Amino acid sequence: MHRGKGMKFVGDSRIPAEKKPNIPKDYSEYPGKTEAFWPNYLLKEWMIGAVFLIGFLCFTAVNPVSLEGIADPTDSGYIPLPDWYFLFLYQLLKYEYASGTFELFGNVIIPGLAFGALLLAPWLDPGPERRPSKRPVGTGLMLLATISVIYLTWEAVDQHDWEAAEEQGEILDEDDIQEVDMDHAGYEIYEEQGCIECHGEQLEGSGAAGPNLYDLPYGAEDIANISVEGIGEMPAGMFDGSDEELEIMSEYIEAEGQPNGDDDEDEDEDDEDEEDE
Amino acid sequence: MLQRIYDWVDERMDITPLWRDIADHEVPEHVNPAHHFSAFVYCFGGLTFFTVVIQFLSGMFLTMYYVPDIINAYESVMYLQSEVAFGMIVRGMHHWGASVVIVMMFLHTLRVFFTGAYKKPRELNWVVGVLIFFVILGLGFTGYLLPWDMKAYFATVVALEIAESVPVVGEMIRVLLAGHEELLGAQTLTRFFAIHVFFLPGALLGLLAAHFIMIRRQGISGPL
Amino acid sequence: MSEKEHNVSRRQFLTYTLTGVGGFMAAGMLMPMVRMAVDPVLEVGAEGDMVAVADLDELTEEPQSFPLNFEQDDGWYEAEIEETAWIYLDGDDVVALSPECTHLGCTVNWEANEDEPERFFCPCHFGLFERDGTNVPNTPPTEPLHRYEHEVRDGTVYLGRPQPQV
């Protein structure tokens, strides 16, 4: 920089009065087809960026982001899954030598070594050689790591029950949940017999485990039969109470949990609806 | 007119050297896809940065609607994506952008590794790059919880259990992240929000600045 | 007097002082903030009360899952929490197990896997537990299912908080 005597400044500031010409440097003396970053190369880069952006926006427009039901810490049946880029770590923990007594391996040591090695790669591979073929150990380990990550991700995707995952996350619309009469003897039996586990506190069902029990195409007798013999995925022998209890419960379910009408509840629901709107 | 405004400011501030320092550098032939198509592998770093810019912007705009609270977080996300015009697009940009950043960064890391570009004298820039990698993973991890839906909640439960299994300090790390000694609740959400929106982006900005300054000082590594 | 005669030169002294004052300012700013951030780690947990869960005559030899409700403080929220416990009779003794898998906290179910009768099964990483909660070797969990502290009064089973059984 030009300093010292003879320099002129703008007013009493430290801004030099002499201006440098505002032109790009000349790179013609550089080897090969070197070009200026600004504006020559940047324009090309931005054209690639624009194409990339269009693709990205199109993808975004046709792929709405899923939002599952609101977090419910008490939903014990939920099978969790991390976002896809953590799947390889998640999958690692399923293997025998990365879990159980070897838990430390899977949770801490293997990821720690892998990421530690990545961080310290310049010192683990300090030779001056840059070509991958001239440093086979480093290249081999990196290839191995890359393949393992891809394989583990693949395995995790493959082993996951995506249909069940979709069902379990389904948003239960609040309007679909009906208030049931929880003081009725039928409800007590419903609860005692464990029907509540899969079919929910309000007979609303719970995603993958069991459907809701509203508006069933069965009469009370059919419901009683299903309770004892099972249907579809529901195993037989779920009910083991007396015949009398069975009758009370199946009539209760047939009435959709409201054997005595439900005047008060309806009003409450209407109020909520108005607030929502 | 614009030129006159520029000249007026330049006379008082001498801004030309400021931006010419950033703009004036050469791009060698071997990284320029216009000359060698195979040089497209050198684009991944730039695309990572571009997507990070998208993330910063879309994230800033999402906070106009988002509330980090266990009662309202879910409702606010639901509202912004179903009621607000283009809400789903902006949330989509942030959501899918996160995946794109990870993919691009992974490819960029592989490119740098297999071209041996981290060798002397560029060791420090590699380290900063890997730190950026960790920060991005941290952003992905903390951001996943924020919508407070089922998958967000239970994925984080599992992640915190993993953190807890670290010997000696595991329990402490878990509580520090969760903000509560046993559950994952209101204080976890505010913590993750703060980390996702302030702490990690701040760290990311600093690291990115260091990354770029080092590239400019050392220049792009030569052809193989 | 030249600077070399001093043990600590003038410039060194200034640098040390500057570092000291800078350190003081940084510490002064950060101390309250960090203390606030780590507060949950240093907080001492409160003892929970026993909660009535089931009647003694409801229990069988077969583990059944019972809901239990308790008050929970979650920062500025106080919530009524519903958990479940697997409860069964072992002779005259009541056993109440937490359904939380000791591997990564998923939820186990009694005989949920058809190939593994008489065992608790965790769908996440295929963890297995015996009837008494002991983890089956060579599956991911490393410790038995946690056991609820329990108490039987007047034919009613009361549960406390789950404790590791090691």
# chains A, B, ... in the order shown; residues from 1 in each chain; ligands from 1
$ interface_residues --of "chain C" --to "chain B" --cutoff "7 Å" --atoms "only C-alpha atoms" --output "list in words"
Val38, Pro40, Val41, Asp74, Gly75, Leu104 and Gly105 of chain C
$ interface_residues --of "chain B" --to "chain A" --cutoff "6 Å" --atoms "only C-alpha atoms" --output "VMD selection string"
chain B and resid 23 25 to 29 92 114 116 119 123 127 130 148 to 150 153 to 155
$ select_by_dssp --residues "region 66-215 of chain B" --states "helix (DSSP H, G or I)" --output "PyMOL selection string"
chain B and resi 73-82+87-114+123-145+150-164+170-178+186-215
$ closest_residue --among "A:Glu192, A:Met7, A:Asp12, A:Gln202" --to "Asp55 (chain C)" --atoms "only C-alpha atoms"
A:Glu192
$ interface_residues --of "chain C" --to "chain A" --cutoff "12 Å" --atoms "only C-alpha atoms" --output "ChimeraX atom specification"
/C:54-55,58-59,63-69,79-85,98-109,111-112,114,121-128,135-144
$ closest_residue --among "B:Ala117, B:Val67, B:Val53, B:Leu137" --to "Met93 (chain B)" --atoms "only C-alpha atoms"
B:Val53
$ closest_residue --among "C:Phe129, C:Tyr148, C:Phe120, C:Tyr158" --to "Leu56 (chain C)" --atoms "only C-alpha atoms"
C:Tyr158
$ residues_around --residues "Ser221 (chain B)" --least-positions-apart "2" --cutoff "9 Å" --atoms "only C-alpha atoms" --output "NGL selection string"
:B and (115-118 or 122 or 218-219 or 223-224)
$ write_last_selection --atoms "all heavy atoms" --output "PDB file, in the first residue's frame"
ATOM      1  N   THR B 115      -9.214 -35.828  -3.458  1.00  0.00           N
ATOM      2  CA  THR B 115      -8.230 -35.054  -4.211  1.00  0.00           C
ATOM      3  C   THR B 115      -7.056 -34.676  -3.314  1.00  0.00           C
ATOM      4  O   THR B 115      -6.169 -33.952  -3.732  1.00  0.00           O
ATOM      5  CB  THR B 115      -8.847 -33.773  -4.798  1.00  0.00           C
ATOM      6  OG1 THR B 115      -9.441 -33.041  -3.730  1.00  0.00           O
ATOM      7  CG2 THR B 115      -9.887 -34.083  -5.849  1.00  0.00           C
ATOM      8  N   GLY B 116      -7.078 -35.165  -2.077  1.00  0.00           N
ATOM      9  CA  GLY B 116      -5.964 -34.885  -1.167  1.00  0.00           C
ATOM     10  C   GLY B 116      -5.789 -33.405  -0.886  1.00  0.00           C
ATOM     11  O   GLY B 116      -4.692 -32.933  -0.593  1.00  0.00           O
ATOM     12  N   ALA B 117      -6.873 -32.662  -0.953  1.00  0.00           N
ATOM     13  CA  ALA B 117      -6.770 -31.212  -0.819  1.00  0.00           C
ATOM     14  C   ALA B 117      -6.565 -30.770   0.624  1.00  0.00           C
ATOM     15  O   ALA B 117      -6.378 -29.590   0.875  1.00  0.00           O
ATOM     16  CB  ALA B 117      -8.029 -30.551  -1.389  1.00  0.00           C
ATOM     17  N   TYR B 118      -6.602 -31.727   1.563  1.00  0.00           N
ATOM     18  CA  TYR B 118      -6.448 -31.343   2.969  1.00  0.00           C
ATOM     19  C   TYR B 118      -4.994 -31.409   3.403  1.00  0.00           C
ATOM     20  O   TYR B 118      -4.675 -31.161   4.554  1.00  0.00           O
ATOM     21  CB  TYR B 118      -7.279 -32.274   3.856  1.00  0.00           C
ATOM     22  CG  TYR B 118      -6.910 -33.724   3.714  1.00  0.00           C
ATOM     23  CD1 TYR B 118      -5.916 -34.274   4.524  1.00  0.00           C
ATOM     24  CD2 TYR B 118      -7.515 -34.524   2.756  1.00  0.00           C
ATOM     25  CE1 TYR B 118      -5.542 -35.599   4.384  1.00  0.00           C
ATOM     26  CE2 TYR B 118      -7.149 -35.840   2.612  1.00  0.00           C
ATOM     27  CZ  TYR B 118      -6.167 -36.371   3.428  1.00  0.00           C
ATOM     28  OH  TYR B 118      -5.799 -37.679   3.277  1.00  0.00           O
ATOM     29  N   ARG B 122      -2.960 -27.144   4.069  1.00  0.00           N
ATOM     30  CA  ARG B 122      -4.394 -26.863   4.263  1.00  0.00           C
ATOM     31  C   ARG B 122      -5.018 -27.673   5.392  1.00  0.00           C
ATOM     32  O   ARG B 122      -6.231 -27.818   5.463  1.00  0.00           O
ATOM     33  CB  ARG B 122      -5.150 -27.121   2.956  1.00  0.00           C
ATOM     34  CG  ARG B 122      -4.689 -26.197   1.835  1.00  0.00           C
ATOM     35  CD  ARG B 122      -5.517 -26.327   0.588  1.00  0.00           C
ATOM     36  NE  ARG B 122      -5.130 -25.314  -0.385  1.00  0.00           N
ATOM     37  CZ  ARG B 122      -4.068 -25.396  -1.175  1.00  0.00           C
ATOM     38  NH1 ARG B 122      -3.288 -26.461  -1.138  1.00  0.00           N
ATOM     39  NH2 ARG B 122      -3.780 -24.419  -2.008  1.00  0.00           N
ATOM     40  N   GLN B 218      -4.978 -19.243   0.985  1.00  0.00           N
ATOM     41  CA  GLN B 218      -4.129 -20.328   0.502  1.00  0.00           C
ATOM     42  C   GLN B 218      -4.379 -20.660  -0.961  1.00  0.00           C
ATOM     43  O   GLN B 218      -3.550 -21.300  -1.590  1.00  0.00           O
ATOM     44  CB  GLN B 218      -4.377 -21.584   1.352  1.00  0.00           C
ATOM     45  CG  GLN B 218      -4.030 -21.351   2.802  1.00  0.00           C
ATOM     46  CD  GLN B 218      -4.311 -22.564   3.645  1.00  0.00           C
ATOM     47  OE1 GLN B 218      -5.276 -23.282   3.412  1.00  0.00           O
ATOM     48  NE2 GLN B 218      -3.469 -22.788   4.635  1.00  0.00           N
ATOM     49  N   GLY B 219      -5.494 -20.237  -1.492  1.00  0.00           N
ATOM     50  CA  GLY B 219      -5.809 -20.558  -2.875  1.00  0.00           C
ATOM     51  C   GLY B 219      -6.338 -21.984  -2.991  1.00  0.00           C
ATOM     52  O   GLY B 219      -6.191 -22.800  -2.089  1.00  0.00           O
ATOM     53  N   PRO B 223      -3.992 -28.956  -9.459  1.00  0.00           N
ATOM     54  CA  PRO B 223      -4.490 -30.185 -10.082  1.00  0.00           C
ATOM     55  C   PRO B 223      -3.701 -31.390  -9.593  1.00  0.00           C
ATOM     56  O   PRO B 223      -2.572 -31.250  -9.143  1.00  0.00           O
ATOM     57  CB  PRO B 223      -4.259 -29.947 -11.570  1.00  0.00           C
ATOM     58  CG  PRO B 223      -3.217 -28.885 -11.638  1.00  0.00           C
ATOM     59  CD  PRO B 223      -3.344 -28.064 -10.407  1.00  0.00           C
ATOM     60  N   LEU B 224      -4.313 -32.562  -9.649  1.00  0.00           N
ATOM     61  CA  LEU B 224      -3.630 -33.783  -9.200  1.00  0.00           C
ATOM     62  C   LEU B 224      -2.476 -34.107 -10.144  1.00  0.00           C
ATOM     63  O   LEU B 224      -2.579 -33.904 -11.337  1.00  0.00           O
ATOM     64  CB  LEU B 224      -4.620 -34.953  -9.184  1.00  0.00           C
ATOM     65  CG  LEU B 224      -5.509 -35.037  -7.952  1.00  0.00           C
ATOM     66  CD1 LEU B 224      -6.424 -36.243  -8.090  1.00  0.00           C
ATOM     67  CD2 LEU B 224      -4.670 -35.170  -6.695  1.00  0.00           C
TER      68      LEU B 224
END
$ residues_around --residues "region 91-95 of chain C" --least-positions-apart "4" --cutoff "10 Å" --atoms "only C-alpha atoms" --output "PyMOL selection string"
chain C and resi 56+59-61+63+85-87+131-133+147-152+157
$ write_last_selection --atoms "C-alpha atoms" --output "PDB file, in the first residue's frame"
ATOM      1  CA  LEU C  56     -54.534 -56.819  44.462  1.00  0.00           C
ATOM      2  CA  LEU C  59     -53.444 -59.196  39.436  1.00  0.00           C
ATOM      3  CA  THR C  60     -52.622 -62.557  37.945  1.00  0.00           C
ATOM      4  CA  GLU C  61     -49.501 -64.538  37.247  1.00  0.00           C
ATOM      5  CA  PRO C  63     -48.132 -59.634  33.418  1.00  0.00           C
ATOM      6  CA  ALA C  85     -46.529 -50.591  34.392  1.00  0.00           C
ATOM      7  CA  TRP C  86     -46.422 -54.309  33.772  1.00  0.00           C
ATOM      8  CA  ILE C  87     -47.695 -55.862  36.987  1.00  0.00           C
ATOM      9  CA  ARG C 131     -40.638 -62.415  32.804  1.00  0.00           C
ATOM     10  CA  ASP C 132     -38.809 -61.011  35.840  1.00  0.00           C
ATOM     11  CA  GLY C 133     -37.371 -58.215  33.730  1.00  0.00           C
ATOM     12  CA  ARG C 147     -38.853 -52.082  38.827  1.00  0.00           C
ATOM     13  CA  TYR C 148     -41.375 -49.819  40.468  1.00  0.00           C
ATOM     14  CA  GLU C 149     -41.119 -49.401  44.207  1.00  0.00           C
ATOM     15  CA  HIS C 150     -44.358 -50.833  45.474  1.00  0.00           C
ATOM     16  CA  GLU C 151     -46.450 -51.157  48.542  1.00  0.00           C
ATOM     17  CA  VAL C 152     -49.660 -53.078  49.212  1.00  0.00           C
ATOM     18  CA  VAL C 157     -51.210 -51.764  45.039  1.00  0.00           C
TER      19      VAL C 157
END
$ decode --residues "region 94-136 of chain B" --atoms "N, CA and C atoms" --output "JSON list (two decimals), in the first residue's frame"
[["chain", "number", "residue", "atom", "x", "y", "z"],
["B", 94, "HIS", "N", -36.97, -25.35, 4.16],
["B", 94, "HIS", "CA", -36.12, -25.54, 5.33],
["B", 94, "HIS", "C", -35.92, -27.03, 5.61],
["B", 95, "HIS", "N", -36.99, -27.80, 5.45],
["B", 95, "HIS", "CA", -36.92, -29.23, 5.75],
["B", 95, "HIS", "C", -36.05, -29.96, 4.73],
["B", 96, "TRP", "N", -36.39, -29.80, 3.45],
["B", 96, "TRP", "CA", -35.63, -30.51, 2.42],
["B", 96, "TRP", "C", -34.24, -29.91, 2.29],
["B", 97, "GLY", "N", -34.13, -28.60, 2.52],
["B", 97, "GLY", "CA", -32.82, -27.96, 2.47],
["B", 97, "GLY", "C", -31.85, -28.61, 3.44],
["B", 98, "ALA", "N", -32.36, -28.99, 4.61],
["B", 98, "ALA", "CA", -31.50, -29.64, 5.60],
["B", 98, "ALA", "C", -30.90, -30.91, 5.01],
["B", 99, "SER", "N", -31.74, -31.70, 4.32],
["B", 99, "SER", "CA", -31.23, -32.92, 3.71],
["B", 99, "SER", "C", -30.22, -32.60, 2.61],
["B", 100, "VAL", "N", -30.53, -31.56, 1.82],
["B", 100, "VAL", "CA", -29.63, -31.21, 0.72],
["B", 100, "VAL", "C", -28.27, -30.76, 1.26],
["B", 101, "VAL", "N", -28.29, -29.98, 2.34],
["B", 101, "VAL", "CA", -27.02, -29.54, 2.94],
["B", 101, "VAL", "C", -26.17, -30.76, 3.31],
["B", 102, "ILE", "N", -26.82, -31.73, 3.94],
["B", 102, "ILE", "CA", -26.09, -32.91, 4.38],
["B", 102, "ILE", "C", -25.49, -33.64, 3.17],
["B", 103, "VAL", "N", -26.30, -33.83, 2.14],
["B", 103, "VAL", "CA", -25.82, -34.56, 0.96],
["B", 103, "VAL", "C", -24.67, -33.81, 0.31],
["B", 104, "MET", "N", -24.86, -32.50, 0.08],
["B", 104, "MET", "CA", -23.84, -31.71, -0.59],
["B", 104, "MET", "C", -22.55, -31.69, 0.23],
["B", 105, "MET", "N", -22.70, -31.57, 1.55],
["B", 105, "MET", "CA", -21.53, -31.49, 2.40],
["B", 105, "MET", "C", -20.79, -32.83, 2.40],
["B", 106, "PHE", "N", -21.55, -33.90, 2.37],
["B", 106, "PHE", "CA", -20.94, -35.23, 2.31],
["B", 106, "PHE", "C", -20.12, -35.37, 1.02],
["B", 107, "LEU", "N", -20.73, -34.95, -0.11],
["B", 107, "LEU", "CA", -20.03, -35.04, -1.38],
["B", 107, "LEU", "C", -18.80, -34.13, -1.40],
["B", 108, "HIS", "N", -18.94, -32.94, -0.84],
["B", 108, "HIS", "CA", -17.82, -32.00, -0.77],
["B", 108, "HIS", "C", -16.68, -32.59, 0.05],
["B", 109, "THR", "N", -17.03, -33.23, 1.18],
["B", 109, "THR", "CA", -16.01, -33.86, 2.02],
["B", 109, "THR", "C", -15.28, -34.96, 1.25],
["B", 110, "LEU", "N", -16.06, -35.77, 0.53],
["B", 110, "LEU", "CA", -15.43, -36.85, -0.24],
["B", 110, "LEU", "C", -14.51, -36.27, -1.31],
["B", 111, "ARG", "N", -14.96, -35.21, -1.99],
["B", 111, "ARG", "CA", -14.14, -34.60, -3.03],
["B", 111, "ARG", "C", -12.82, -34.11, -2.42],
["B", 112, "VAL", "N", -12.91, -33.39, -1.31],
["B", 112, "VAL", "CA", -11.70, -32.85, -0.70],
["B", 112, "VAL", "C", -10.79, -34.00, -0.27],
["B", 113, "PHE", "N", -11.40, -35.06, 0.25],
["B", 113, "PHE", "CA", -10.57, -36.16, 0.71],
["B", 113, "PHE", "C", -9.86, -36.84, -0.45],
["B", 114, "PHE", "N", -10.63, -37.19, -1.50],
["B", 114, "PHE", "CA", -10.03, -37.98, -2.56],
["B", 114, "PHE", "C", -9.13, -37.17, -3.48],
["B", 115, "THR", "N", -9.21, -35.83, -3.46],
["B", 115, "THR", "CA", -8.23, -35.05, -4.21],
["B", 115, "THR", "C", -7.06, -34.68, -3.31],
["B", 116, "GLY", "N", -7.08, -35.17, -2.08],
["B", 116, "GLY", "CA", -5.96, -34.88, -1.17],
["B", 116, "GLY", "C", -5.79, -33.41, -0.89],
["B", 117, "ALA", "N", -6.87, -32.66, -0.95],
["B", 117, "ALA", "CA", -6.77, -31.21, -0.82],
["B", 117, "ALA", "C", -6.56, -30.77, 0.62],
["B", 118, "TYR", "N", -6.60, -31.73, 1.56],
["B", 118, "TYR", "CA", -6.45, -31.34, 2.97],
["B", 118, "TYR", "C", -4.99, -31.41, 3.40],
["B", 119, "LYS", "N", -4.10, -31.75, 2.46],
["B", 119, "LYS", "CA", -2.69, -31.93, 2.83],
["B", 119, "LYS", "C", -2.03, -30.58, 3.08],
["B", 120, "LYS", "N", -0.86, -30.64, 3.71],
["B", 120, "LYS", "CA", -0.13, -29.43, 4.00],
["B", 120, "LYS", "C", -0.13, -28.51, 2.79],
["B", 121, "PRO", "N", -0.42, -27.25, 2.90],
["B", 121, "PRO", "CA", -0.60, -26.47, 4.13],
["B", 121, "PRO", "C", -2.07, -26.29, 4.54],
["B", 122, "ARG", "N", -2.96, -27.14, 4.07],
["B", 122, "ARG", "CA", -4.39, -26.86, 4.26],
["B", 122, "ARG", "C", -5.02, -27.67, 5.39],
["B", 123, "GLU", "N", -4.20, -28.20, 6.32],
["B", 123, "GLU", "CA", -4.73, -29.05, 7.39],
["B", 123, "GLU", "C", -5.80, -28.33, 8.22],
["B", 124, "LEU", "N", -5.50, -27.08, 8.56],
["B", 124, "LEU", "CA", -6.42, -26.35, 9.45],
["B", 124, "LEU", "C", -7.77, -26.14, 8.80],
["B", 125, "ASN", "N", -7.74, -25.91, 7.49],
["B", 125, "ASN", "CA", -9.02, -25.68, 6.81],
["B", 125, "ASN", "C", -9.85, -26.96, 6.80],
["B", 126, "TRP", "N", -9.19, -28.10, 6.70],
["B", 126, "TRP", "CA", -9.90, -29.39, 6.80],
["B", 126, "TRP", "C", -10.56, -29.51, 8.17],
["B", 127, "VAL", "N", -9.79, -29.17, 9.22],
["B", 127, "VAL", "CA", -10.34, -29.29, 10.57],
["B", 127, "VAL", "C", -11.56, -28.39, 10.72],
["B", 128, "VAL", "N", -11.44, -27.16, 10.24],
["B", 128, "VAL", "CA", -12.59, -26.26, 10.31],
["B", 128, "VAL", "C", -13.76, -26.84, 9.53],
["B", 129, "GLY", "N", -13.46, -27.44, 8.37],
["B", 129, "GLY", "CA", -14.52, -28.05, 7.57],
["B", 129, "GLY", "C", -15.23, -29.17, 8.32],
["B", 130, "VAL", "N", -14.46, -30.01, 9.01],
["B", 130, "VAL", "CA", -15.10, -31.10, 9.76],
["B", 130, "VAL", "C", -15.92, -30.53, 10.92],
["B", 131, "LEU", "N", -15.43, -29.46, 11.53],
["B", 131, "LEU", "CA", -16.22, -28.81, 12.59],
["B", 131, "LEU", "C", -17.54, -28.29, 12.03],
["B", 132, "ILE", "N", -17.49, -27.73, 10.82],
["B", 132, "ILE", "CA", -18.73, -27.29, 10.17],
["B", 132, "ILE", "C", -19.67, -28.48, 9.99],
["B", 133, "PHE", "N", -19.08, -29.61, 9.58],
["B", 133, "PHE", "CA", -19.85, -30.85, 9.43],
["B", 133, "PHE", "C", -20.58, -31.18, 10.74],
["B", 134, "PHE", "N", -19.87, -31.13, 11.86],
["B", 134, "PHE", "CA", -20.48, -31.45, 13.15],
["B", 134, "PHE", "C", -21.59, -30.44, 13.49],
["B", 135, "VAL", "N", -21.31, -29.16, 13.24],
["B", 135, "VAL", "CA", -22.31, -28.14, 13.55],
["B", 135, "VAL", "C", -23.58, -28.39, 12.75],
["B", 136, "ILE", "N", -23.40, -28.75, 11.45],
["B", 136, "ILE", "CA", -24.57, -29.01, 10.60],
["B", 136, "ILE", "C", -25.35, -30.22, 11.13]]
